[in-house]
>>> print(open('work31.cif').read())   # mmCIF, C-alpha atoms and all ligand atoms
data_model
loop_
_atom_site.label_atom_id
_atom_site.label_comp_id
_atom_site.auth_asym_id
_atom_site.auth_seq_id
_atom_site.Cartn_x
_atom_site.Cartn_y
_atom_site.Cartn_z
CA MET A 1 143.60 78.71 122.26
CA SER A 2 146.39 79.12 124.80
CA VAL A 3 146.66 80.08 128.47
CA THR A 4 149.54 81.99 130.10
CA VAL A 5 150.21 82.03 133.84
CA ARG A 6 152.80 84.16 135.64
CA VAL A 7 154.51 82.74 138.74
CA PRO A 8 156.93 84.40 141.20
CA ALA A 9 160.31 83.39 142.60
CA LYS A 10 160.80 83.20 146.36
CA VAL A 11 163.32 83.94 149.04
CA ASN A 12 163.29 82.29 152.46
CA VAL A 13 163.65 84.87 155.21
CA GLN A 14 163.85 82.06 157.75
CA LEU A 15 164.73 78.48 156.94
CA ALA A 16 164.86 76.46 160.16
CA VAL A 17 165.81 72.85 159.46
CA GLY A 18 165.18 69.91 161.80
CA GLY A 19 166.68 66.44 161.70
CA ALA A 20 166.17 64.01 158.81
CA ARG A 21 162.85 62.10 158.98
CA ALA A 22 162.40 58.43 158.23
CA ASP A 23 161.40 59.35 154.63
CA GLY A 24 164.66 61.30 154.19
CA PHE A 25 162.95 64.71 154.18
CA HIS A 26 163.67 67.28 156.90
CA GLU A 27 161.09 68.88 159.12
CA LEU A 28 161.11 72.64 158.37
CA ALA A 29 159.90 75.98 159.63
CA ASN A 30 160.20 77.81 156.35
CA VAL A 31 159.17 81.46 156.02
CA PHE A 32 158.64 82.07 152.31
CA LEU A 33 158.40 85.50 150.73
CA ALA A 34 157.54 85.85 147.02
CA VAL A 35 159.60 88.35 144.99
CA ASP A 36 158.75 90.05 141.70
CA ILE A 37 160.95 87.93 139.44
CA PHE A 38 158.61 85.80 137.34
CA ASP A 39 158.48 82.85 134.97
CA GLU A 40 155.62 82.79 132.45
CA ILE A 41 154.15 79.44 131.50
CA THR A 42 152.05 79.15 128.35
CA VAL A 43 150.13 75.99 127.51
CA SER A 44 148.40 75.21 124.23
CA PRO A 45 146.86 72.04 122.75
CA ALA A 46 149.33 69.70 120.99
CA ASP A 47 149.50 66.13 119.68
CA GLU A 48 151.56 65.06 122.66
CA LEU A 49 153.23 66.47 125.77
CA ARG A 50 156.10 68.75 124.77
CA ILE A 51 158.13 71.39 126.61
CA SER A 52 160.11 74.32 125.30
CA CYS A 53 161.94 77.03 127.18
CA SER A 54 163.29 80.50 126.39
CA GLY A 55 165.40 82.92 128.44
CA GLN A 56 169.02 83.37 129.47
CA ASP A 57 169.23 80.10 131.46
CA ALA A 58 167.06 78.08 129.03
CA ALA A 59 169.85 75.63 128.12
CA GLN A 60 169.94 74.35 131.72
CA VAL A 61 166.22 73.55 131.88
CA PRO A 62 165.35 69.86 131.31
CA LEU A 63 162.79 69.47 128.51
CA ASP A 64 161.75 65.92 129.40
CA ARG A 65 159.26 64.49 131.87
CA THR A 66 161.52 65.23 134.85
CA ASN A 67 160.58 68.90 134.46
CA LEU A 68 158.10 69.83 137.20
CA ALA A 69 155.89 71.55 134.61
CA ALA A 70 155.52 68.25 132.72
CA ARG A 71 154.92 66.37 135.96
CA ALA A 72 152.22 68.87 136.94
CA ALA A 73 150.41 68.45 133.59
CA LEU A 74 150.63 64.65 133.86
CA ALA A 75 149.36 64.64 137.47
CA LEU A 76 146.34 66.82 136.63
CA ALA A 77 145.56 64.83 133.46
CA GLU A 78 145.73 61.54 135.35
CA ARG A 79 143.33 62.78 138.05
CA HIS A 80 140.82 63.71 135.36
CA GLY A 81 141.25 60.63 133.18
CA ARG A 82 142.56 62.51 130.15
CA SER A 83 145.82 62.69 128.24
CA ALA A 84 148.33 65.47 128.84
CA ASP A 85 148.50 66.43 125.16
CA VAL A 86 149.82 69.92 125.63
CA HIS A 87 152.71 72.13 124.59
CA ILE A 88 154.18 73.87 127.64
CA HIS A 89 156.37 76.87 126.96
CA ILE A 90 158.40 78.29 129.84
CA ALA A 91 159.60 81.88 129.47
CA LYS A 92 162.25 81.70 132.16
CA ASP A 93 163.44 84.65 134.19
CA ILE A 94 163.97 82.92 137.58
CA PRO A 95 167.56 81.63 137.96
CA VAL A 96 167.85 77.86 137.38
CA ALA A 97 169.03 75.73 140.35
CA GLY A 98 169.48 78.95 142.31
CA GLY A 99 167.44 78.34 145.47
CA MET A 100 164.62 80.62 144.31
CA ALA A 101 162.06 77.89 143.51
CA GLY A 102 162.28 78.33 139.74
CA GLY A 103 161.39 74.69 139.02
CA SER A 104 158.58 74.78 141.57
CA ALA A 105 157.23 77.96 139.98
CA ASP A 106 157.04 76.20 136.61
CA GLY A 107 155.20 73.26 138.24
CA ALA A 108 152.62 75.53 139.87
CA GLY A 109 152.27 77.60 136.70
CA ALA A 110 151.76 74.61 134.42
CA LEU A 111 149.21 73.18 136.84
CA LEU A 112 147.13 76.37 136.91
CA ALA A 113 147.47 76.87 133.15
CA CYS A 114 146.41 73.28 132.31
CA GLU A 115 143.51 73.58 134.73
CA ALA A 116 142.29 76.62 132.80
CA LEU A 117 142.99 75.11 129.36
CA TRP A 118 141.23 71.83 130.12
CA ASN A 119 138.57 73.36 132.33
CA THR A 120 138.84 70.49 134.80
CA GLY A 121 136.89 72.36 137.50
CA SER A 122 139.56 71.48 140.09
CA SER A 123 139.11 73.17 143.46
CA ARG A 124 141.91 75.15 145.09
CA PRO A 125 142.47 72.39 147.73
CA GLU A 126 142.74 69.82 144.92
CA LEU A 127 145.38 71.93 143.15
CA LEU A 128 147.27 72.40 146.43
CA ASP A 129 147.19 68.61 146.95
CA ILE A 130 148.84 68.08 143.56
CA CYS A 131 151.40 70.81 144.36
CA ALA A 132 152.36 69.03 147.60
CA GLU A 133 152.84 65.76 145.68
CA LEU A 134 155.09 67.51 143.16
CA GLY A 135 157.54 69.06 145.64
CA SER A 136 158.00 70.86 148.94
CA ASP A 137 158.01 74.42 147.50
CA VAL A 138 155.37 74.07 144.76
CA SER A 139 152.41 74.94 147.00
CA PHE A 140 154.03 78.25 147.91
CA SER A 141 154.62 79.11 144.25
CA LEU A 142 150.86 78.80 143.71
CA VAL A 143 149.94 80.85 146.78
CA GLY A 144 152.64 83.59 146.71
CA GLY A 145 152.71 86.58 149.10
CA ALA A 146 154.24 85.30 152.33
CA ALA A 147 153.66 82.04 154.14
CA LEU A 148 155.05 79.78 156.81
CA GLY A 149 155.71 76.28 155.45
CA THR A 150 155.85 73.44 157.96
CA GLY A 151 156.12 69.67 157.55
CA ARG A 152 158.58 69.32 154.68
CA GLY A 153 157.62 72.88 153.72
CA GLU A 154 154.35 72.08 151.92
CA LYS A 155 151.86 72.81 154.75
CA LEU A 156 151.24 76.53 154.41
CA THR A 157 149.93 79.19 156.74
CA VAL A 158 149.49 82.51 154.97
CA LEU A 159 151.35 85.40 156.67
CA GLU A 160 150.60 89.08 156.83
CA VAL A 161 153.09 91.48 155.20
CA GLY A 162 152.82 95.13 156.25
CA GLY A 163 155.07 96.78 153.68
CA ARG A 164 157.41 96.37 150.73
CA PHE A 165 160.86 94.84 151.10
CA HIS A 166 163.67 95.68 148.69
CA TRP A 167 166.10 92.94 147.71
CA VAL A 168 169.30 92.53 145.75
CA PHE A 169 169.97 89.04 144.39
CA ALA A 170 173.45 87.91 143.39
CA MET A 171 173.40 84.95 141.01
CA ALA A 172 176.39 82.63 141.19
CA GLU A 173 178.26 80.95 138.36
CA GLY A 174 176.72 77.45 138.46
CA GLY A 175 173.97 75.90 140.58
CA LEU A 176 173.56 73.78 143.71
CA SER A 177 171.45 70.64 143.95
CA THR A 178 168.92 70.84 146.79
CA PRO A 179 169.33 67.16 147.82
CA ALA A 180 173.13 67.64 147.90
CA VAL A 181 172.78 70.67 150.20
CA PHE A 182 170.48 68.74 152.57
CA ARG A 183 172.98 65.84 152.54
CA GLU A 184 175.76 68.27 153.44
CA PHE A 185 173.54 69.67 156.24
CA ASP A 186 173.23 66.07 157.58
CA ARG A 187 176.99 65.54 157.30
CA LEU A 188 177.85 68.80 159.09
CA ASN A 189 175.32 68.04 161.87
CA ASP A 190 176.16 64.37 162.24
CA GLY A 191 175.81 63.45 165.91
CA ALA A 192 174.67 66.94 166.92
CA HIS A 193 171.37 67.61 168.66
CA ILE A 194 169.13 69.35 166.12
CA PRO A 195 166.33 71.32 167.78
CA GLU A 196 162.72 71.28 166.55
CA PRO A 197 162.43 73.97 163.84
CA VAL A 198 160.24 76.90 164.88
CA ALA A 199 159.43 80.21 163.23
CA SER A 200 160.78 83.28 165.03
CA ARG A 201 157.99 85.39 166.56
CA GLU A 202 160.10 88.56 166.12
CA LEU A 203 160.65 87.74 162.44
CA LEU A 204 156.92 87.23 161.80
CA ASP A 205 156.21 90.54 163.60
CA ALA A 206 158.81 92.30 161.45
CA LEU A 207 157.12 90.94 158.31
CA ALA A 208 153.70 92.02 159.55
CA LYS A 209 155.00 95.54 160.29
CA GLY A 210 157.00 95.85 157.07
CA ASP A 211 160.09 96.59 159.20
CA ALA A 212 163.17 95.79 157.08
CA GLU A 213 165.73 96.38 159.85
CA ALA A 214 163.93 94.07 162.28
CA LEU A 215 163.49 91.47 159.53
CA ALA A 216 167.20 91.64 158.74
CA ALA A 217 168.10 91.19 162.41
CA LYS A 218 166.16 87.91 162.58
CA ALA A 219 166.59 86.50 159.04
CA SER A 220 168.39 83.14 159.08
CA ASN A 221 169.01 80.09 156.96
CA ASP A 222 170.10 76.80 158.58
CA LEU A 223 171.18 75.53 155.13
CA GLN A 224 173.70 78.36 154.77
CA PRO A 225 176.70 76.55 156.33
CA ALA A 226 176.02 73.56 154.04
CA ALA A 227 175.68 75.76 150.92
CA LEU A 228 178.91 77.64 151.84
CA SER A 229 180.71 74.38 152.46
CA LEU A 230 179.80 73.13 148.95
CA PHE A 231 180.27 76.55 147.32
CA PRO A 232 182.99 78.42 149.31
CA GLU A 233 183.22 81.23 146.69
CA LEU A 234 179.88 82.54 148.02
CA ALA A 235 181.62 83.90 151.14
CA ARG A 236 183.32 86.65 149.12
CA THR A 237 180.03 87.82 147.54
CA LEU A 238 178.31 87.74 150.95
CA SER A 239 181.02 90.00 152.39
CA ALA A 240 180.88 92.31 149.37
CA GLY A 241 177.09 92.76 149.72
CA LYS A 242 177.28 93.44 153.44
CA ALA A 243 180.18 95.88 152.96
CA ALA A 244 178.05 97.64 150.32
CA GLY A 245 175.49 98.46 153.02
CA ALA A 246 172.96 95.60 152.91
CA LEU A 247 170.97 95.19 156.15
CA THR A 248 171.73 91.50 155.89
CA GLY A 249 172.82 88.94 153.34
CA LEU A 250 171.94 85.28 153.25
CA VAL A 251 171.86 82.27 151.00
CA SER A 252 168.45 81.97 149.32
CA GLY A 253 166.98 78.55 150.14
CA SER A 254 169.55 75.89 149.24
CA GLY A 255 171.53 78.44 147.18
CA PRO A 256 173.72 79.40 145.51
CA THR A 257 171.82 82.65 144.86
CA LEU A 258 172.49 85.22 147.60
CA ALA A 259 169.77 87.56 148.87
CA PHE A 260 170.61 90.98 150.34
CA LEU A 261 167.98 93.05 152.10
CA ALA A 262 168.15 96.80 151.49
CA ARG A 263 166.53 99.75 153.32
CA ASP A 264 164.75 101.06 150.22
CA ALA A 265 164.82 101.05 146.42
CA ASP A 266 167.71 103.56 146.16
CA ASP A 267 169.78 101.57 148.62
CA ALA A 268 169.07 98.37 146.66
CA GLU A 269 170.24 100.06 143.45
CA ARG A 270 173.48 101.20 145.12
CA ILE A 271 174.19 97.75 146.56
CA ALA A 272 173.47 96.16 143.17
CA GLN A 273 175.96 98.49 141.46
CA THR A 274 178.67 97.79 144.05
CA LEU A 275 178.12 94.04 143.79
CA THR A 276 178.29 94.17 140.00
CA ALA A 277 181.55 96.12 140.20
CA SER A 278 182.98 93.55 142.67
CA ARG A 279 182.87 90.92 139.88
CA SER A 280 182.28 88.28 142.56
CA CYS A 281 179.12 86.86 140.97
CA ARG A 282 177.54 86.03 137.60
CA SER A 283 174.81 88.67 137.64
CA VAL A 284 172.92 90.94 140.00
CA ARG A 285 169.35 92.15 140.06
CA THR A 286 166.97 93.98 142.34
CA ALA A 287 163.47 92.82 143.26
CA VAL A 288 160.60 93.71 145.56
CA SER A 289 158.48 91.65 147.97
CA PRO A 290 155.77 90.60 148.42
CA ALA A 291 154.61 89.43 144.97
CA PRO A 292 151.35 87.65 144.16
CA GLY A 293 151.24 83.89 143.57
CA ALA A 294 150.50 82.17 140.27
CA ILE A 295 147.99 84.17 138.21
CA ARG A 296 146.56 83.83 134.71
CA ILE A 297 147.64 86.80 132.59
CA SER A 298 146.16 85.73 129.24
O1 LIG B 1 160.43 68.40 147.72
P1 LIG B 1 161.53 68.64 146.73
O2 LIG B 1 161.47 67.71 145.57
O3 LIG B 1 161.64 70.06 146.32
O4 LIG B 1 162.85 68.30 147.51
C1 LIG B 1 164.06 68.10 146.84
C2 LIG B 1 165.01 67.37 147.77
O5 LIG B 1 165.40 68.25 148.83
C3 LIG B 1 164.45 66.16 148.46
O6 LIG B 1 164.60 65.02 147.67
C4 LIG B 1 165.29 66.07 149.72
O7 LIG B 1 166.55 65.54 149.43
C5 LIG B 1 165.52 67.54 150.05
N1 LIG B 1 164.52 68.06 151.02
C6 LIG B 1 164.62 67.68 152.35
N2 LIG B 1 163.70 68.16 153.26
C7 LIG B 1 162.74 69.00 152.87
C8 LIG B 1 162.63 69.42 151.52
C9 LIG B 1 163.55 68.92 150.62
O8 LIG B 1 165.50 66.90 152.73
N3 LIG B 1 161.87 69.46 153.78
#
>>> encode(input="work31.cif", output="structure tokens", more="lines below")
Ligand code: C5P
Amino acid sequence: MSVTVRVPAKVNVQLAVGGARADGFHELANVFLAVDIFDEITVSPADELRISCSGQDAAQVPLDRTNLAARAALALAERHGRSADVHIHIAKDIPVAGGMAGGSADGAGALLACEALWNTGSSRPELLDICAELGSDVSFSLVGGAALGTGRGEKLTVLEVGGRFHWVFAMAEGGLSTPAVFREFDRLNDGAHIPEPVASRELLDALAKGDAEALAAKASNDLQPAALSLFPELARTLSAGKAAGALTGLVSGSGPTLAFLARDADDAERIAQTLTASRSCRSVRTAVSPAPGAIRIS
């Protein structure tokens, strides 16, 4: 008996960051959009908790209890007074440490898969509670589609999406640590007045209408200066993508993956080819939004 769950990656079309809170987290207005790049998490009974991982980036995935998939299994088991004796296999397609919520996706996937394997009868709100404990982006990985995340990003309001958006993602050589990028944000804004983060009305309207040009005009990421400061090579790829005709280009989440919005699928293909030829990044791929959240596929 095994259960497999598929979970999407995300891009943030708006990431408005407020000042650091007393707990060290930052207040956010975070507009998440799921894209059709997926990890697949398979769980099966085992003598003890064990993780394995396959895929191009597998060597960079921790296989111990720091992995969010392991933490999700342990959190669910603890709530239901059972042991987390399960083998979790992660078939990884989402870039590791790329700002696309790959680790969060594995947490949400393992949670849903263990719920089905153990038949714990957990309600959706209970699963979302565990997601919020695991990390700021895990709830969105469960929900998918599009959502506004407030608080530290974990309080979700589902958003309407009125069409398909075509993306080109440029993966960088190496990763960025999310805490390091937030620390750099604090350093760069030291002493500055940081306004309350709010979602842009025009951006939410553009999402609801499926209007790529309007979305591009309003897309923004307050972490971008911090990511560029830690990873200056990204500037060249950003310029290359924009010169290739992208409606906009921005750092995805805390980076270093770059997201370029295209007019349509053909445009995305052209931009991807130009970016590949520019040799300014590790790899390039196209993807489409929105994508569904975590779902059981077998
Ligand atoms: O919640 P998560 O574990 O994904 O966050 C990773 C790190 O990113 C946090 O430890 C914190 O340094 C930073 N972070 C933040 N404000 C947020 C979300 C994350 O400062 N709203």
>>> closest_residue(input="work31.cif", among="A:Gly210, A:Pro179, A:Gly255, A:Gly191", to="ligand LIG 1 (chain B)", atoms="all atoms listed in the file")
A:Pro179
>>> closest_residue(input="work31.cif", among="A:Asp47, A:Asp39, A:Asp190, A:Glu27", to="A:Val96", atoms="all atoms listed in the file")
A:Asp39
>>> residues_around(input="work31.cif", residues="A:Leu117", least_positions_apart="5", cutoff="12 Å", atoms="only C-alpha atoms", output="list in words")
Met1, Ser2, Val3, Thr4, Val5, Thr42, Val43, Ser44, Pro45, Ala46, Ala73, Leu76, Ala77, Ala84, Asp85, Val86, His87, Ile88, Ala110, Leu111, Leu112, Ser122, Arg296 and Ser298 of chain A
>>> residues_near_ligand(input="work31.cif", ligand="ligand LIG 1 (chain B)", cutoff="9 Å", atoms="only C-alpha atoms and all ligand atoms", output="PyMOL selection string")
chain A and resi 17-18+20-21+23-30+101+103-104+132-138+150-154+177-183+254
>>> closest_residue(input="work31.cif", among="A:Asn12, A:Gln56, A:Ser280, A:Thr257", to="A:Met171", atoms="only C-alpha atoms")
A:Thr257
>>> atom_distance(input="work31.cif", atom1="atom CA of A:Ala113", atom2="atom CA of A:Val161")
27.0 Å
>>> atom_distance(input="work31.cif", atom1="atom CA of A:Pro232", atom2="atom CA of A:Ser141")
28.8 Å
>>> residues_around(input="work31.cif", residues="stretch 52-54 of chain A", least_positions_apart="4", cutoff="9 Å", atoms="all atoms listed in the file", output="number ranges by chain")
A: 58-59, 61-63, 87-93
>>> atom_distance(input="work31.cif", atom1="atom CA of A:Ile51", atom2="atom CA of A:Gly109")
13.2 Å
>>> closest_residue(input="work31.cif", among="A:Ala272, A:Leu247, A:Ala192, A:Cys281", to="A:Lys218", atoms="only C-alpha atoms")
A:Leu247
>>> residues_around(input="work31.cif", residues="A:Glu184", least_positions_apart="4", cutoff="8 Å", atoms="all atoms listed in the file", output="JSON, numbers by chain")
{"A": [180, 188, 226, 227, 229, 230]}
>>> residues_around(input="work31.cif", residues="A:Ala208", least_positions_apart="4", cutoff="10 Å", atoms="only C-alpha atoms", output="PyMOL selection string")
chain A and resi 146+159-163+202-204+215
>>> closest_residue(input="work31.cif", among="A:Leu156, A:Val7, A:Leu228, A:Ile271", to="A:Pro256", atoms="all atoms listed in the file")
A:Leu228
>>> closest_residue(input="work31.cif", among="A:Leu68, A:Leu148, A:Val11, A:Leu176", to="A:Gly249", atoms="all atoms listed in the file")
A:Val11
>>> decode(input="work31.cif", residues="stretch 168-179 of chain A", atoms="all heavy atoms", output="compact mmCIF listing (two decimals), in the first residue's frame")
# COMPACT_ATOMS: atom_id res chain seq x y z
N VAL A 168 8.40 31.88 -17.93
CA VAL A 168 9.71 31.26 -18.20
C VAL A 168 10.50 31.40 -16.90
O VAL A 168 10.59 32.50 -16.35
CB VAL A 168 10.45 31.99 -19.33
CG1 VAL A 168 11.80 31.31 -19.61
CG2 VAL A 168 9.59 32.03 -20.60
N PHE A 169 11.04 30.30 -16.41
CA PHE A 169 11.85 30.34 -15.20
C PHE A 169 13.31 30.08 -15.55
O PHE A 169 13.62 29.15 -16.30
CB PHE A 169 11.37 29.28 -14.19
CG PHE A 169 10.03 29.64 -13.61
CD1 PHE A 169 8.86 29.09 -14.12
CD2 PHE A 169 9.92 30.57 -12.60
CE1 PHE A 169 7.62 29.45 -13.62
CE2 PHE A 169 8.69 30.94 -12.08
CZ PHE A 169 7.53 30.37 -12.60
N ALA A 170 14.17 30.95 -15.01
CA ALA A 170 15.62 30.78 -15.20
C ALA A 170 16.22 30.36 -13.86
O ALA A 170 16.16 31.11 -12.89
CB ALA A 170 16.23 32.08 -15.69
N MET A 171 16.73 29.14 -13.81
CA MET A 171 17.35 28.62 -12.60
C MET A 171 18.81 29.07 -12.55
O MET A 171 19.52 28.99 -13.56
CB MET A 171 17.33 27.09 -12.58
CG MET A 171 16.02 26.44 -12.17
SD MET A 171 14.50 27.15 -12.77
CE MET A 171 13.85 25.79 -13.70
N ALA A 172 19.23 29.50 -11.37
CA ALA A 172 20.60 29.98 -11.21
C ALA A 172 21.51 28.84 -10.77
O ALA A 172 21.05 27.81 -10.27
CB ALA A 172 20.64 31.10 -10.19
N GLU A 173 22.79 29.07 -10.93
CA GLU A 173 23.80 28.12 -10.41
C GLU A 173 23.91 28.38 -8.91
O GLU A 173 24.38 29.45 -8.51
CB GLU A 173 25.13 28.41 -11.12
CG GLU A 173 26.11 27.28 -11.15
CD GLU A 173 25.61 26.10 -11.95
OE1 GLU A 173 25.50 26.21 -13.19
OE2 GLU A 173 25.35 25.06 -11.31
N GLY A 174 23.42 27.48 -8.08
CA GLY A 174 23.46 27.70 -6.63
C GLY A 174 22.11 28.16 -6.11
O GLY A 174 21.20 28.46 -6.88
N GLY A 175 21.98 28.23 -4.78
CA GLY A 175 20.71 28.62 -4.17
C GLY A 175 20.89 29.85 -3.28
O GLY A 175 21.99 30.38 -3.13
N LEU A 176 19.79 30.31 -2.71
CA LEU A 176 19.83 31.40 -1.72
C LEU A 176 19.04 30.93 -0.50
O LEU A 176 17.99 30.31 -0.65
CB LEU A 176 19.17 32.66 -2.28
CG LEU A 176 20.03 33.65 -3.06
CD1 LEU A 176 19.16 34.77 -3.64
CD2 LEU A 176 21.14 34.23 -2.20
N SER A 177 19.54 31.26 0.68
CA SER A 177 18.83 30.88 1.89
C SER A 177 17.80 31.97 2.20
O SER A 177 18.13 33.16 2.23
CB SER A 177 19.84 30.70 3.03
OG SER A 177 19.41 31.36 4.19
N THR A 178 16.55 31.55 2.43
CA THR A 178 15.48 32.53 2.70
C THR A 178 15.80 33.41 3.91
O THR A 178 15.68 34.64 3.82
CB THR A 178 14.13 31.80 2.87
OG1 THR A 178 13.89 31.06 1.68
CG2 THR A 178 12.99 32.76 3.09
N PRO A 179 16.23 32.83 5.07
CA PRO A 179 16.56 33.71 6.19
C PRO A 179 17.65 34.72 5.84
O PRO A 179 17.59 35.88 6.25
CB PRO A 179 17.06 32.74 7.28
CG PRO A 179 16.48 31.42 6.91
CD PRO A 179 16.34 31.41 5.41
